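Coordinates as given in input-v2.csv (CSV, C-alpha atoms):
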```
chain,number,residue,atom,x,y,z
T,1,MET,CA,-8.6,7.2,-76.7
T,2,GLY,CA,-10.4,8.3,-79.9
T,3,ARG,CA,-11.8,6.1,-82.5
T,4,LEU,CA,-9.1,4.0,-84.0
T,5,ARG,CA,-8.6,3.6,-87.7
T,6,LYS,CA,-8.3,0.0,-88.7
T,7,ASN,CA,-5.0,-0.8,-90.3
T,8,ASN,CA,-5.4,-4.1,-92.2
T,9,GLU,CA,-1.6,-4.5,-92.4
T,10,ALA,CA,-1.0,-4.0,-88.6
T,11,LEU,CA,-0.5,-7.7,-87.8
T,12,ASN,CA,1.9,-8.2,-90.7
T,13,ILE,CA,3.9,-5.1,-89.5
T,14,LEU,CA,4.0,-6.6,-86.0
T,15,ARG,CA,5.2,-10.0,-87.3
T,16,LYS,CA,8.2,-8.4,-88.8
T,17,CYS,CA,9.5,-7.2,-85.4
T,18,ASN,CA,11.5,-9.7,-83.4
T,19,ASN,CA,10.1,-8.2,-80.2
T,20,PHE,CA,6.5,-9.3,-81.1
T,21,ILE,CA,5.2,-12.6,-79.8
T,22,GLU,CA,2.1,-13.7,-81.8
T,23,ASP,CA,1.1,-16.6,-79.6
T,24,PRO,CA,2.0,-15.7,-76.0
T,25,SER,CA,-0.2,-18.5,-74.6
T,26,LYS,CA,2.7,-20.9,-75.3
T,27,TYR,CA,4.9,-19.2,-72.7
T,28,LYS,CA,2.6,-19.2,-69.6
T,29,SER,CA,5.1,-20.0,-66.7
T,30,LEU,CA,8.0,-20.0,-69.2
T,31,TRP,CA,8.6,-16.3,-69.9
T,32,ASN,CA,11.9,-16.2,-68.1
T,33,LYS,CA,13.1,-19.6,-69.2
T,34,GLN,CA,12.2,-19.6,-72.8
T,35,VAL,CA,11.6,-16.0,-73.9
T,36,PHE,CA,14.0,-13.8,-72.0
T,37,LYS,CA,16.4,-16.7,-71.0
T,38,ASN,CA,17.2,-15.1,-67.6
T,39,ASN,CA,15.8,-14.8,-64.1
T,40,ASN,CA,15.3,-11.1,-64.1
T,41,PRO,CA,12.0,-9.6,-62.8
T,42,ILE,CA,9.1,-9.3,-65.2
T,43,HIS,CA,7.2,-6.0,-65.5
T,44,ILE,CA,4.2,-5.7,-67.7
T,45,GLU,CA,2.3,-2.6,-68.9
T,46,ILE,CA,-1.4,-3.2,-69.6
T,47,GLY,CA,-2.6,-0.7,-72.2
T,48,THR,CA,0.7,0.2,-73.8
T,49,GLY,CA,-0.7,2.4,-76.5
T,50,LYS,CA,2.1,4.0,-78.7
T,51,GLY,CA,4.7,2.6,-76.3
T,52,LYS,CA,6.8,5.6,-75.2
T,53,PHE,CA,6.7,4.6,-71.6
T,54,ILE,CA,7.7,0.9,-71.8
T,55,TYR,CA,10.2,1.6,-74.6
T,56,GLU,CA,12.1,4.1,-72.3
T,57,MET,CA,11.8,1.9,-69.3
T,58,ALA,CA,13.3,-1.1,-71.1
T,59,SER,CA,16.1,1.2,-72.4
T,60,LEU,CA,16.9,2.5,-68.9
T,61,ASN,CA,16.6,-0.8,-67.1
T,62,LYS,CA,18.3,-3.7,-68.9
T,63,ASN,CA,18.1,-5.9,-65.8
T,64,ILE,CA,14.3,-6.0,-66.0
T,65,ASN,CA,12.2,-7.9,-68.5
T,66,TYR,CA,9.3,-5.8,-69.9
T,67,ILE,CA,6.2,-7.0,-71.7
T,68,ALA,CA,4.1,-4.4,-73.5
T,69,ILE,CA,0.4,-5.4,-73.7
T,70,ASP,CA,-2.4,-3.8,-75.8
T,71,LYS,CA,-5.5,-5.3,-77.4
T,72,TYR,CA,-5.2,-3.1,-80.5
T,73,ASP,CA,-2.6,-4.1,-83.1
T,74,THR,CA,-3.2,-0.8,-84.9
T,75,VAL,CA,-1.8,1.0,-81.9
T,76,LEU,CA,1.1,-1.4,-81.2
T,77,ILE,CA,2.7,-0.7,-84.6
T,78,LYS,CA,3.7,2.7,-83.3
T,79,LEU,CA,5.9,0.9,-80.7
T,80,VAL,CA,7.5,-1.6,-83.1
T,81,LYS,CA,8.5,1.2,-85.4
T,82,LYS,CA,10.5,2.9,-82.7
T,83,GLU,CA,14.2,3.3,-83.5
T,84,SER,CA,16.5,0.4,-82.4
T,85,ILE,CA,13.7,-1.5,-80.7
T,86,GLU,CA,15.0,-4.8,-81.8
T,87,LYS,CA,18.2,-4.2,-79.8
T,88,LEU,CA,16.1,-4.3,-76.7
T,89,ASN,CA,16.3,-7.9,-75.8
T,90,ASN,CA,14.4,-7.2,-72.5
T,91,LEU,CA,11.3,-6.0,-74.3
T,92,LYS,CA,8.5,-8.1,-75.7
T,93,ILE,CA,5.2,-7.1,-77.2
T,94,ILE,CA,1.9,-9.0,-77.2
T,95,CYS,CA,-1.6,-8.2,-78.5
T,96,ILE,CA,-4.2,-9.5,-76.0
T,97,ASP,CA,-7.2,-8.4,-74.0
T,98,ALA,CA,-6.5,-7.6,-70.3
T,99,ASN,CA,-9.6,-9.7,-69.4
T,100,ASP,CA,-7.6,-12.8,-70.4
T,101,ILE,CA,-4.3,-11.8,-68.7
T,102,ASP,CA,-4.2,-15.0,-66.5
T,103,LYS,CA,-4.2,-17.1,-69.6
T,104,TYR,CA,-0.8,-15.9,-70.5
T,105,PHE,CA,1.0,-15.6,-67.1
T,106,ASP,CA,1.2,-18.1,-64.3
T,107,ASN,CA,0.8,-17.7,-60.6
T,108,GLN,CA,3.3,-15.2,-59.2
T,109,GLU,CA,5.1,-14.9,-62.5
T,110,VAL,CA,4.9,-11.1,-62.7
T,111,ASP,CA,6.8,-8.7,-60.4
T,112,ARG,CA,5.1,-5.4,-61.4
T,113,ILE,CA,2.2,-4.1,-63.4
T,114,TYR,CA,1.8,-0.6,-64.9
T,115,LEU,CA,-1.6,0.9,-65.7
T,116,ASN,CA,-1.0,4.2,-67.5
T,117,PHE,CA,-3.9,6.4,-68.4
T,118,SER,CA,-6.3,3.5,-68.8
T,119,ASP,CA,-9.8,4.0,-70.3
T,120,PRO,CA,-11.9,5.5,-67.4
T,121,TRP,CA,-15.2,3.9,-68.6
T,122,PRO,CA,-17.1,6.9,-67.0
T,123,LYS,CA,-20.6,5.3,-67.1
T,124,ALA,CA,-21.5,3.6,-63.8
T,125,ARG,CA,-22.8,0.5,-65.7
T,126,HIS,CA,-19.3,0.0,-67.1
T,127,ALA,CA,-17.4,0.1,-63.8
T,128,LYS,CA,-16.4,-3.5,-64.0
T,129,ARG,CA,-14.4,-2.7,-67.1
T,130,ARG,CA,-12.2,-0.3,-65.3
T,131,LEU,CA,-8.7,-1.7,-64.9
T,132,THR,CA,-8.7,-0.9,-61.2
T,133,SER,CA,-12.0,-2.7,-60.5
T,134,ILE,CA,-12.3,-5.7,-58.2
T,135,ASN,CA,-12.6,-8.0,-61.2
T,136,PHE,CA,-9.2,-6.9,-62.4
T,137,LEU,CA,-7.7,-7.0,-58.9
T,138,ASP,CA,-8.5,-10.7,-58.8
T,139,LEU,CA,-6.8,-11.3,-62.1
T,140,TYR,CA,-3.7,-9.3,-61.0
T,141,SER,CA,-3.5,-11.1,-57.7
T,142,ASN,CA,-3.3,-14.4,-59.6
T,143,ILE,CA,-0.2,-13.4,-61.7
T,144,LEU,CA,1.6,-11.0,-59.4
T,145,ASN,CA,4.1,-12.4,-56.8
T,146,ASN,CA,3.6,-11.7,-53.1
T,147,LYS,CA,6.2,-8.9,-53.1
T,148,GLY,CA,4.9,-7.3,-56.3
T,149,HIS,CA,2.8,-4.1,-56.8
T,150,ILE,CA,0.9,-2.1,-59.3
T,151,GLU,CA,1.5,1.5,-60.4
T,152,PHE,CA,-1.5,3.4,-61.8
T,153,LYS,CA,-1.4,6.9,-63.4
T,154,THR,CA,-4.3,9.0,-64.7
T,155,ASP,CA,-5.3,12.6,-65.3
T,156,ASN,CA,-9.0,11.6,-64.8
T,157,ILE,CA,-9.9,12.7,-61.3
T,158,ASP,CA,-13.2,10.9,-61.2
T,159,PHE,CA,-11.5,7.6,-62.2
T,160,PHE,CA,-8.8,8.2,-59.6
T,161,ASN,CA,-11.3,9.0,-56.8
T,162,TYR,CA,-13.3,5.9,-57.7
T,163,THR,CA,-10.1,3.8,-57.4
T,164,VAL,CA,-9.1,5.3,-54.1
T,165,GLU,CA,-12.6,4.9,-52.6
T,166,LEU,CA,-12.8,1.3,-53.8
T,167,PHE,CA,-9.4,0.5,-52.3
T,168,ASN,CA,-10.3,2.0,-49.0
T,169,GLU,CA,-13.6,0.2,-48.8
T,170,ASN,CA,-11.9,-3.2,-49.5
T,171,LYS,CA,-8.8,-2.5,-47.5
T,172,VAL,CA,-6.4,-2.7,-50.5
T,173,LYS,CA,-2.9,-1.8,-49.3
T,174,ILE,CA,-1.9,1.6,-50.7
T,175,LEU,CA,1.8,2.2,-50.8
T,176,PHE,CA,1.9,5.6,-52.4
T,177,LEU,CA,-0.7,8.2,-53.4
T,178,THR,CA,-0.5,11.7,-54.9
T,179,TYR,CA,-2.9,14.0,-56.7
T,180,ASP,CA,-0.1,16.0,-58.4
T,181,LEU,CA,2.7,13.7,-59.4
T,182,HIS,CA,4.7,16.3,-61.4
T,183,SER,CA,4.8,18.7,-58.4
T,184,LEU,CA,7.1,16.1,-56.7
T,185,ASN,CA,9.9,16.6,-59.3
T,186,ASP,CA,10.3,12.8,-59.5
T,187,HIS,CA,13.2,12.4,-61.9
T,188,PHE,CA,12.5,8.7,-62.1
T,189,ASN,CA,9.0,9.2,-63.6
T,190,VAL,CA,8.9,8.2,-67.2
T,191,LYS,CA,6.1,9.9,-69.1
T,192,THR,CA,3.7,8.5,-71.6
T,193,GLU,CA,2.8,10.4,-74.8
T,194,TYR,CA,-0.6,11.2,-73.3
T,195,GLU,CA,1.0,12.3,-70.0
T,196,GLU,CA,3.3,14.8,-71.8
T,197,LYS,CA,0.4,16.2,-73.8
T,198,PHE,CA,-2.1,16.8,-71.0
T,199,SER,CA,0.3,17.8,-68.3
T,200,SER,CA,1.6,20.5,-70.7
T,201,LYS,CA,-2.0,21.8,-70.8
T,202,GLY,CA,-2.1,22.1,-67.0
T,203,PHE,CA,-3.8,18.8,-66.2
T,204,LYS,CA,-2.6,17.3,-62.9
T,205,ILE,CA,-1.4,13.7,-63.0
T,206,ASN,CA,-2.6,11.4,-60.2
T,207,LYS,CA,-0.7,8.3,-59.2
T,208,ILE,CA,-1.3,5.5,-56.8
T,209,ILE,CA,0.9,2.4,-56.1
T,210,PHE,CA,-0.8,-0.5,-54.5
T,211,THR,CA,-0.9,-4.3,-54.0
T,212,PRO,CA,-4.0,-6.1,-55.5
T,213,PHE,CA,-4.7,-8.2,-52.4
T,214,TYR,CA,-7.8,-7.1,-50.5
T,215,LYS,CA,-9.8,-8.2,-47.4
T,216,ASN,CA,-12.2,-10.5,-49.1
T,217,LYS,CA,-9.6,-12.3,-51.2
```
Translate the structure described by the file into C-alpha cells.
Amino acid sequence: MGRLRKNNEALNILRKCNNFIEDPSKYKSLWNKQVFKNNNPIHIEIGTGKGKFIYEMASLNKNINYIAIDKYDTVLIKLVKKESIEKLNNLKIICIDANDIDKYFDNQEVDRIYLNFSDPWPKARHAKRRLTSINFLDLYSNILNNKGHIEFKTDNIDFFNYTVELFNENKVKILFLTYDLHSLNDHFNVKTEYEEKFSSKGFKINKIIFTPFYKNK
C-alpha cells in the first residue's frame, strides 16, 4: 500500500454509516447476540482496504455475518461509500489494529478469517509484523473456533514462501495451497481491487487455507 493521505473527516464519514461500529470493545463475546442478533457464523477480514471483497461476500452470503477490519479510517471510507451498503445487515465495519484483535473477539467467537494481500513487511527484522507470523497465529487461535480456518491470498511470492516454510516448520495444518489461483477457474473466488489490478498485469495469485493451531501451541 502506498503512503496514505490523511483525511481529517474520515471518522465523521464513518460515523454516518450504520454499518460502522466505533467502539467494538463493547461487543466482545456479544457479536451474534447484540450486534447481528442471530446465530450465523462470523467471518472477519483483517486488512479490508477499500472493501470490494467483503462487500461482495456479504452481498452473496446473507446467512453469514461479516466484519471488515482495517486500522486506517481513511481507507475504510471507500467501503462505507459503496452503494446500498446500509442494506447489508450482515456487514459491520470496525477500525482497529490487528495486534489487538483478541480485545474485540472472545475465545472461539470467529468462524473464519480472511487475509487478502496483507503488507508483506519484506525486511527480515519486521517478520513478526507479517499477518501470517507465529505471533498472529497465536492471536487467531484465541478467537477462532476449533472448526474454523484462515484464507490467505497474496501476489508476493517471497511472502507466500515465507508463510509456507513457517507453517511446515511448525506443523501448521494446511488445507489447501496453490501458486496460481486463477488458473483453477474458481468461480467462487471473490477478487479484491488489488487482485483484479495485478492479476490483469500477469501476476500470479497465491492462496493458502490453513488452521492457526501448531505443534507448540
Spatial neighbours of Asn107 (chain T), max dist 7 Å, all atoms listed in the file, sep filter under 3 positions, as a VMD selection string: chain T and resid 142 to 144
Go ahead and dump the residues you just picked, C-alpha atoms, as a compact mmCIF listing (two decimals), in the frame of the given file.
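The resulting again_30.txt:
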```
# COMPACT_ATOMS: atom_id res chain seq x y z
CA ASN T 142 -3.30 -14.40 -59.60
CA ILE T 143 -0.20 -13.40 -61.70
CA LEU T 144 1.60 -11.00 -59.40
```
Find the residues near Asp73 (chain T): any atom within 10 Å, counting only C-alpha atoms, skip ones fewer than 3 places away on the same chain, and give them as a tab-separated table (two decimals) with C-alpha atoms, in the frame of the given file.
```tsv
chain	number	residue	atom	x	y	z
T	6	LYS	CA	-8.30	0.00	-88.70
T	7	ASN	CA	-5.00	-0.80	-90.30
T	8	ASN	CA	-5.40	-4.10	-92.20
T	9	GLU	CA	-1.60	-4.50	-92.40
T	10	ALA	CA	-1.00	-4.00	-88.60
T	11	LEU	CA	-0.50	-7.70	-87.80
T	12	ASN	CA	1.90	-8.20	-90.70
T	13	ILE	CA	3.90	-5.10	-89.50
T	14	LEU	CA	4.00	-6.60	-86.00
T	49	GLY	CA	-0.70	2.40	-76.50
T	69	ILE	CA	0.40	-5.40	-73.70
T	70	ASP	CA	-2.40	-3.80	-75.80
T	76	LEU	CA	1.10	-1.40	-81.20
T	77	ILE	CA	2.70	-0.70	-84.60
T	78	LYS	CA	3.70	2.70	-83.30
T	94	ILE	CA	1.90	-9.00	-77.20
T	95	CYS	CA	-1.60	-8.20	-78.50
T	96	ILE	CA	-4.20	-9.50	-76.00
```
Contacts of region 8-115 of chain T with region 191-207 of chain T up to 10 Å, shortest pair per row, all atoms listed in the file, as CSV:
```
residue,atom,partner,partner_atom,distance
T:Thr48,CA,T:Thr192,CA,9.1
T:Gly49,CA,T:Glu193,CA,8.9
T:Lys50,CA,T:Glu193,CA,7.5
T:Gly51,CA,T:Thr192,CA,7.6
T:Lys52,CA,T:Thr192,CA,5.6
T:Phe53,CA,T:Thr192,CA,4.9
T:Ile54,CA,T:Thr192,CA,8.6
T:Tyr55,CA,T:Thr192,CA,9.9
T:Glu56,CA,T:Lys191,CA,8.9
T:Met57,CA,T:Lys191,CA,9.8
T:Leu115,CA,T:Lys207,CA,9.9
```
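Ranking T:Lys153, T:Lys16, T:Lys71, T:His187 by their shortest atom-to-atom distance to Ile101 (chain T), with all atoms listed in the file included, puts T:Lys71 first.
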Taking 4 positions as the minimum chain separation for residues in the same chain, which residues sit within 12 Å of Pro24 (chain T) when counting only C-alpha atoms? Answer as a PyMOL selection string. chain T and resi 19-20+28-31+34-35+67-69+92-97+100-106
Export of the given selection (C-alpha atoms) as an mmCIF file, keeping the file's coordinate frame:
```
data_model
loop_
_atom_site.group_PDB
_atom_site.id
_atom_site.type_symbol
_atom_site.label_atom_id
_atom_site.label_comp_id
_atom_site.auth_asym_id
_atom_site.auth_seq_id
_atom_site.Cartn_x
_atom_site.Cartn_y
_atom_site.Cartn_z
ATOM 1 C CA ASN T 19 10.100 -8.200 -80.200
ATOM 2 C CA PHE T 20 6.500 -9.300 -81.100
ATOM 3 C CA LYS T 28 2.600 -19.200 -69.600
ATOM 4 C CA SER T 29 5.100 -20.000 -66.700
ATOM 5 C CA LEU T 30 8.000 -20.000 -69.200
ATOM 6 C CA TRP T 31 8.600 -16.300 -69.900
ATOM 7 C CA GLN T 34 12.200 -19.600 -72.800
ATOM 8 C CA VAL T 35 11.600 -16.000 -73.900
ATOM 9 C CA ILE T 67 6.200 -7.000 -71.700
ATOM 10 C CA ALA T 68 4.100 -4.400 -73.500
ATOM 11 C CA ILE T 69 0.400 -5.400 -73.700
ATOM 12 C CA LYS T 92 8.500 -8.100 -75.700
ATOM 13 C CA ILE T 93 5.200 -7.100 -77.200
ATOM 14 C CA ILE T 94 1.900 -9.000 -77.200
ATOM 15 C CA CYS T 95 -1.600 -8.200 -78.500
ATOM 16 C CA ILE T 96 -4.200 -9.500 -76.000
ATOM 17 C CA ASP T 97 -7.200 -8.400 -74.000
ATOM 18 C CA ASP T 100 -7.600 -12.800 -70.400
ATOM 19 C CA ILE T 101 -4.300 -11.800 -68.700
ATOM 20 C CA ASP T 102 -4.200 -15.000 -66.500
ATOM 21 C CA LYS T 103 -4.200 -17.100 -69.600
ATOM 22 C CA TYR T 104 -0.800 -15.900 -70.500
ATOM 23 C CA PHE T 105 1.000 -15.600 -67.100
ATOM 24 C CA ASP T 106 1.200 -18.100 -64.300
#
```
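Remark: for Glu165 (chain T), the closest of the candidate residues T:Val190, T:Leu88, T:Ile134, T:Leu181 is T:Ile134 (distances computed over all atoms listed in the file).
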Could you pull out every residue with an atom within 9 Å of (9.5, -3.0, -59.4), file coordinates, counting only C-alpha atoms, and send them as a PyMOL selection string? chain T and resi 41-43+64+111-113+148-150
Computed interatomic separation between CA of Lys26 (chain T) and CA of Asn90 (chain T) (Å):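 Those two atoms sit 18.2 Å apart.
CA of Asp119 (chain T) lies 19.1 Å from CA of Leu79 (chain T).
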Residue contacts of Asn156 (chain T) (8 Å, all atoms listed in the file) excluding same-chain residues fewer than 3 positions away, as a VMD selection string: chain T and resid 120 159 to 160 206
As an exercise, work out the distance from CA of Asn32 (chain T) to CA of Arg130 (chain T) in Å and give it to one decimal place.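 Value for the CA of Asn32 (chain T)-CA of Arg130 (chain T) distance: 29.0 Å.
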Between T:Ile46, T:Val164, T:Ile209, T:Val80, which has the minimum distance to Ser133 (chain T) (counting only C-alpha atoms)?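 Looking only at the distances to Ser133 (chain T), the closest residue turns out to be T:Val164.
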Considering only C-alpha atoms, can you say which of T:Leu177, T:Leu91, T:Ile85, T:Leu139 comes closest to Gln108 (chain T)?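 The answer is T:Leu139, which sits nearest to Gln108 (chain T).
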Go through T:Tyr179, T:Trp121, T:Tyr114, T:Phe36 and flag the residue nearest Ile157 (chain T), using only C-alpha atoms for the distances.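 For Ile157 (chain T), the nearest of the candidates is T:Tyr179.
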Among the residues T:Asn99, T:Asn39, T:Ile208, T:Lys81, the one that comes closest to Val172 (chain T) [using all atoms listed in the file]: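 Nearest to Val172 (chain T): T:Ile208.
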Kindly write region 78-98 of chain T with N, CA and C atoms to a file, as a tab-separated table (two decimals), in the first residue's frame.
```tsv
chain	number	residue	atom	x	y	z
T	78	LYS	N	-13.84	4.32	1.77
T	78	LYS	CA	-14.15	3.80	0.44
T	78	LYS	C	-15.23	2.73	0.54
T	79	LEU	N	-15.17	1.94	1.63
T	79	LEU	CA	-16.15	0.88	1.83
T	79	LEU	C	-17.52	1.45	2.21
T	80	VAL	N	-17.55	2.39	3.13
T	80	VAL	CA	-18.85	2.90	3.59
T	80	VAL	C	-19.57	3.70	2.50
T	81	LYS	N	-18.84	4.12	1.47
T	81	LYS	CA	-19.46	4.87	0.37
T	81	LYS	C	-20.02	3.97	-0.72
T	82	LYS	N	-19.85	2.66	-0.57
T	82	LYS	CA	-20.36	1.75	-1.60
T	82	LYS	C	-21.88	1.76	-1.62
T	83	GLU	N	-22.43	1.60	-2.79
T	83	GLU	CA	-23.88	1.70	-3.00
T	83	GLU	C	-24.65	0.67	-2.18
T	84	SER	N	-25.68	1.12	-1.51
T	84	SER	CA	-26.60	0.25	-0.76
T	84	SER	C	-25.94	-0.53	0.37
T	85	ILE	N	-24.80	-0.06	0.88
T	85	ILE	CA	-24.12	-0.82	1.92
T	85	ILE	C	-24.97	-0.94	3.19
T	86	GLU	N	-25.78	0.08	3.47
T	86	GLU	CA	-26.56	0.04	4.70
T	86	GLU	C	-27.70	-0.97	4.64
T	87	LYS	N	-27.96	-1.51	3.46
T	87	LYS	CA	-28.95	-2.58	3.34
T	87	LYS	C	-28.36	-3.93	3.73
T	88	LEU	N	-27.04	-3.98	3.89
T	88	LEU	CA	-26.38	-5.23	4.26
T	88	LEU	C	-26.33	-5.33	5.79
T	89	ASN	N	-27.35	-5.94	6.36
T	89	ASN	CA	-27.41	-6.08	7.81
T	89	ASN	C	-26.38	-7.07	8.34
T	90	ASN	N	-25.77	-7.84	7.43
T	90	ASN	CA	-24.79	-8.85	7.84
T	90	ASN	C	-23.36	-8.36	7.67
T	91	LEU	N	-23.16	-7.05	7.54
T	91	LEU	CA	-21.82	-6.49	7.39
T	91	LEU	C	-21.60	-5.34	8.37
T	92	LYS	N	-20.57	-5.48	9.20
T	92	LYS	CA	-20.18	-4.41	10.11
T	92	LYS	C	-18.73	-4.03	9.85
T	93	ILE	N	-18.38	-2.80	10.24
T	93	ILE	CA	-17.07	-2.25	9.94
T	93	ILE	C	-16.45	-1.72	11.22
T	94	ILE	N	-15.20	-2.10	11.49
T	94	ILE	CA	-14.51	-1.58	12.66
T	94	ILE	C	-13.10	-1.14	12.27
T	95	CYS	N	-12.61	-0.12	12.95
T	95	CYS	CA	-11.28	0.43	12.68
T	95	CYS	C	-10.38	0.12	13.87
T	96	ILE	N	-9.61	-0.96	13.77
T	96	ILE	CA	-8.73	-1.39	14.86
T	96	ILE	C	-7.43	-1.92	14.28
T	97	ASP	N	-6.44	-2.10	15.14
T	97	ASP	CA	-5.16	-2.70	14.76
T	97	ASP	C	-5.24	-4.20	14.97
T	98	ALA	N	-4.77	-4.98	14.02
T	98	ALA	CA	-4.83	-6.44	14.11
T	98	ALA	C	-4.08	-6.98	15.33
```
